[in-house]
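Colleague: Provided herewith: model-v9.cif, mmCIF, C-alpha atoms.
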```
data_input
#
loop_
_atom_site.label_atom_id
_atom_site.label_comp_id
_atom_site.auth_asym_id
_atom_site.auth_seq_id
_atom_site.Cartn_x
_atom_site.Cartn_y
_atom_site.Cartn_z
CA MET A 1243 -15.29 13.99 2.54
CA THR A 1244 -14.07 10.57 1.36
CA VAL A 1245 -13.32 8.05 4.13
CA LEU A 1246 -11.83 4.55 3.67
CA HIS A 1247 -11.22 2.07 6.49
CA VAL A 1248 -8.00 -0.01 6.36
CA ARG A 1249 -7.41 -3.13 8.48
CA GLY A 1250 -4.06 -4.91 8.36
CA VAL A 1251 -0.70 -5.64 9.92
CA PHE A 1252 1.23 -2.38 10.10
CA LEU A 1253 5.00 -2.37 9.82
CA PRO A 1254 7.48 -1.90 11.37
CA ASP A 1255 5.90 -3.08 14.65
CA GLU A 1256 3.87 -5.92 13.00
CA THR A 1257 0.71 -4.98 14.90
CA GLU A 1258 -2.72 -5.63 13.41
CA ARG A 1259 -4.70 -2.43 13.66
CA ASP A 1260 -7.22 -0.15 12.01
CA ALA A 1261 -6.56 3.08 10.19
CA TRP A 1262 -8.66 5.46 8.16
CA ILE A 1263 -7.85 7.38 5.01
CA VAL A 1264 -9.67 10.69 5.18
CA ASP A 1265 -9.44 12.90 2.10
CA GLY A 1266 -6.14 11.24 1.14
CA ARG A 1267 -4.51 11.37 4.58
CA LEU A 1268 -3.86 8.39 6.86
CA THR A 1269 -5.02 8.62 10.48
CA TYR A 1270 -5.53 6.21 13.36
CA GLU A 1271 -8.43 8.32 14.65
CA ARG A 1272 -11.70 6.40 14.23
CA TYR A 1273 -14.15 7.77 11.64
CA ALA A 1274 -17.72 6.56 11.28
CA GLY A 1275 -19.34 6.01 7.91
CA ALA A 1276 -16.38 4.78 5.88
CA ALA A 1277 -17.35 4.25 2.24
CA GLU A 1278 -15.37 0.99 2.08
CA THR A 1279 -13.26 -1.30 4.28
CA ILE A 1280 -9.99 -2.51 2.79
CA SER A 1281 -8.35 -5.58 4.33
CA SER A 1282 -4.78 -5.88 3.14
CA GLY A 1283 -4.27 -9.61 3.66
CA GLY A 1284 -0.63 -8.59 4.01
CA TRP A 1285 1.30 -5.69 5.44
CA VAL A 1286 0.45 -2.02 5.51
CA ILE A 1287 3.52 0.17 5.20
CA PRO A 1288 2.51 3.82 5.62
CA GLY A 1289 4.75 6.23 3.77
CA LEU A 1290 6.73 3.66 1.76
CA VAL A 1291 6.86 4.12 -1.98
CA ASP A 1292 8.13 1.07 -3.87
CA ALA A 1293 10.00 2.90 -6.62
CA HIS A 1294 12.17 0.38 -8.39
CA CYS A 1295 12.55 -1.03 -11.88
CA HIS A 1296 13.70 -4.27 -13.48
CA ILE A 1297 16.48 -3.36 -15.89
CA GLY A 1298 16.65 -5.80 -18.79
CA LEU A 1299 12.97 -6.71 -18.82
CA SER A 1300 10.35 -5.70 -21.31
CA PRO A 1301 6.62 -6.31 -20.82
CA HIS A 1302 6.92 -9.60 -22.77
CA ARG A 1303 10.47 -10.99 -22.37
CA PHE A 1304 14.06 -10.49 -21.27
CA LEU A 1305 16.07 -8.06 -23.37
CA ASP A 1306 19.36 -9.32 -24.79
CA ASP A 1307 20.13 -6.35 -27.02
CA PRO A 1308 20.39 -2.95 -25.31
CA ASP A 1309 18.90 -1.39 -28.48
CA ASP A 1310 15.89 -3.76 -28.37
#
```
Could you write out this structure as structure tokens?
Modeller:
Amino acid sequence: MTVLHVRGVFLPDETERDAWIVDGRLTYERYAGAAETISSGGWVIPGLVDAHCHIGLSPHRFLDDPDD
């Protein structure tokens, strides 16, 4: 069983709290012996996937030509 400990400010209620990732699932139930503690330094947003793209950008520059 893989266990990671997460500490951060959880949205949407902006409360600093602890959570554990146990075999790929997030839980607020305390687990001893976590392999690692991750401190976000920012917000933790359970369940949000940031799936967006930047149309018109390439890895090195802006694209002017749609065929570029």
Colleague: Can you turn the PyMOL selection byres ((chain A and resi 1265) around 8) into a concrete residue list for this file, as a ChimeraX atom specification?
Modeller: /A:1243-1245,1263-1264,1266-1267
Colleague: Any idea what's packed within 10 Å of Val1286 (chain A), counting all atoms listed in the file, ignoring anything in its chain fewer than 4 positions away? Could you give it as a list of chain:residue names?
Modeller: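 These residues fall inside the cut-off: A:Val1248, A:Arg1249, A:Gly1250, A:Val1251, A:Phe1252, A:Leu1253, A:Pro1254, A:Glu1256, A:Thr1257, A:Glu1258, A:Arg1259, A:Ala1261, A:Ser1281, A:Ser1282, A:Leu1290.
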Colleague: Emit the selected residues as a PDB file, keeping the file's coordinate frame, including C-alpha atoms.
Modeller:
```pdb
ATOM      1  CA  VAL A1248      -8.000  -0.010   6.360  1.00  0.00           C
ATOM      2  CA  ARG A1249      -7.410  -3.130   8.480  1.00  0.00           C
ATOM      3  CA  GLY A1250      -4.060  -4.910   8.360  1.00  0.00           C
ATOM      4  CA  VAL A1251      -0.700  -5.640   9.920  1.00  0.00           C
ATOM      5  CA  PHE A1252       1.230  -2.380  10.100  1.00  0.00           C
ATOM      6  CA  LEU A1253       5.000  -2.370   9.820  1.00  0.00           C
ATOM      7  CA  PRO A1254       7.480  -1.900  11.370  1.00  0.00           C
ATOM      8  CA  GLU A1256       3.870  -5.920  13.000  1.00  0.00           C
ATOM      9  CA  THR A1257       0.710  -4.980  14.900  1.00  0.00           C
ATOM     10  CA  GLU A1258      -2.720  -5.630  13.410  1.00  0.00           C
ATOM     11  CA  ARG A1259      -4.700  -2.430  13.660  1.00  0.00           C
ATOM     12  CA  ALA A1261      -6.560   3.080  10.190  1.00  0.00           C
ATOM     13  CA  SER A1281      -8.350  -5.580   4.330  1.00  0.00           C
ATOM     14  CA  SER A1282      -4.780  -5.880   3.140  1.00  0.00           C
ATOM     15  CA  LEU A1290       6.730   3.660   1.760  1.00  0.00           C
TER      16      LEU A1290
END
```
Colleague: Once the PyMOL selection byres ((chain A and resi 1277) around 9) is applied to the coordinates I shared, what remains selected? I want it as a PyMOL selection string.
Modeller: chain A and resi 1244-1247+1275-1276+1278-1279
Colleague: Please compute the CA of Leu1268 (chain A)-CA of Trp1285 (chain A) distance, one decimal, in Å.
Modeller: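 So the answer is 15.1 Å.
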Colleague: Could N, CA, C and O atoms be built for region 1268-1292 of chain A and written out as a tab-separated table (two decimals), keeping the file's coordinate frame?
Modeller:
```tsv
chain	number	residue	atom	x	y	z
A	1268	LEU	N	-3.74	9.53	5.95
A	1268	LEU	CA	-3.86	8.39	6.86
A	1268	LEU	C	-3.94	8.87	8.30
A	1268	LEU	O	-3.17	9.74	8.72
A	1269	THR	N	-4.89	8.29	9.06
A	1269	THR	CA	-5.02	8.62	10.48
A	1269	THR	C	-5.44	7.37	11.23
A	1269	THR	O	-6.05	6.47	10.66
A	1270	TYR	N	-5.10	7.31	12.50
A	1270	TYR	CA	-5.53	6.21	13.36
A	1270	TYR	C	-6.76	6.62	14.17
A	1270	TYR	O	-7.28	5.84	14.95
A	1271	GLU	N	-7.23	7.84	13.98
A	1271	GLU	CA	-8.43	8.32	14.65
A	1271	GLU	C	-9.66	7.70	13.97
A	1271	GLU	O	-9.80	7.75	12.75
A	1272	ARG	N	-10.53	7.11	14.76
A	1272	ARG	CA	-11.70	6.40	14.23
A	1272	ARG	C	-12.68	7.36	13.57
A	1272	ARG	O	-13.00	8.40	14.12
A	1273	TYR	N	-13.14	7.00	12.36
A	1273	TYR	CA	-14.15	7.77	11.64
A	1273	TYR	C	-15.32	6.86	11.32
A	1273	TYR	O	-15.14	5.75	10.82
A	1274	ALA	N	-16.51	7.33	11.60
A	1274	ALA	CA	-17.72	6.56	11.28
A	1274	ALA	C	-18.10	6.79	9.82
A	1274	ALA	O	-17.76	7.81	9.24
A	1275	GLY	N	-18.80	5.83	9.26
A	1275	GLY	CA	-19.34	6.01	7.91
A	1275	GLY	C	-18.33	5.87	6.80
A	1275	GLY	O	-18.46	6.54	5.77
A	1276	ALA	N	-17.34	4.99	6.96
A	1276	ALA	CA	-16.38	4.78	5.88
A	1276	ALA	C	-17.08	4.20	4.66
A	1276	ALA	O	-17.96	3.34	4.78
A	1277	ALA	N	-16.73	4.69	3.48
A	1277	ALA	CA	-17.35	4.25	2.24
A	1277	ALA	C	-17.01	2.79	1.94
A	1277	ALA	O	-17.79	2.08	1.31
A	1278	GLU	N	-15.85	2.34	2.41
A	1278	GLU	CA	-15.37	0.99	2.08
A	1278	GLU	C	-14.36	0.57	3.14
A	1278	GLU	O	-13.64	1.39	3.69
A	1279	THR	N	-14.30	-0.75	3.41
A	1279	THR	CA	-13.26	-1.30	4.28
A	1279	THR	C	-12.31	-2.11	3.41
A	1279	THR	O	-12.73	-2.97	2.64
A	1280	ILE	N	-11.02	-1.82	3.54
A	1280	ILE	CA	-9.99	-2.51	2.79
A	1280	ILE	C	-9.21	-3.36	3.77
A	1280	ILE	O	-8.67	-2.86	4.76
A	1281	SER	N	-9.15	-4.68	3.52
A	1281	SER	CA	-8.35	-5.58	4.33
A	1281	SER	C	-7.16	-5.99	3.49
A	1281	SER	O	-7.32	-6.56	2.41
A	1282	SER	N	-5.97	-5.69	3.97
A	1282	SER	CA	-4.78	-5.88	3.14
A	1282	SER	C	-4.45	-7.34	2.88
A	1282	SER	O	-3.92	-7.67	1.84
A	1283	GLY	N	-4.70	-8.22	3.84
A	1283	GLY	CA	-4.27	-9.61	3.66
A	1283	GLY	C	-2.75	-9.72	3.68
A	1283	GLY	O	-2.19	-10.77	3.42
A	1284	GLY	N	-2.09	-8.65	3.96
A	1284	GLY	CA	-0.63	-8.59	4.01
A	1284	GLY	C	-0.22	-7.49	4.96
A	1284	GLY	O	-0.85	-7.29	5.99
A	1285	TRP	N	0.80	-6.76	4.58
A	1285	TRP	CA	1.30	-5.69	5.44
A	1285	TRP	C	0.87	-4.33	4.92
A	1285	TRP	O	0.76	-4.11	3.73
A	1286	VAL	N	0.70	-3.41	5.85
A	1286	VAL	CA	0.45	-2.02	5.51
A	1286	VAL	C	1.70	-1.25	5.90
A	1286	VAL	O	2.16	-1.35	7.04
A	1287	ILE	N	2.26	-0.53	4.96
A	1287	ILE	CA	3.52	0.17	5.20
A	1287	ILE	C	3.30	1.65	4.90
A	1287	ILE	O	3.55	2.11	3.80
A	1288	PRO	N	2.79	2.41	5.87
A	1288	PRO	CA	2.51	3.82	5.62
A	1288	PRO	C	3.77	4.59	5.24
A	1288	PRO	O	4.80	4.45	5.87
A	1289	GLY	N	3.66	5.36	4.17
A	1289	GLY	CA	4.75	6.23	3.77
A	1289	GLY	C	5.78	5.60	2.86
A	1289	GLY	O	6.63	6.30	2.32
A	1290	LEU	N	5.74	4.30	2.63
A	1290	LEU	CA	6.73	3.66	1.76
A	1290	LEU	C	6.26	3.71	0.32
A	1290	LEU	O	5.13	3.34	0.01
A	1291	VAL	N	7.12	4.15	-0.55
A	1291	VAL	CA	6.86	4.12	-1.98
A	1291	VAL	C	7.82	3.11	-2.58
A	1291	VAL	O	9.04	3.23	-2.43
A	1292	ASP	N	7.30	2.10	-3.24
A	1292	ASP	CA	8.13	1.07	-3.87
A	1292	ASP	C	8.50	1.55	-5.27
A	1292	ASP	O	7.80	1.27	-6.24
```
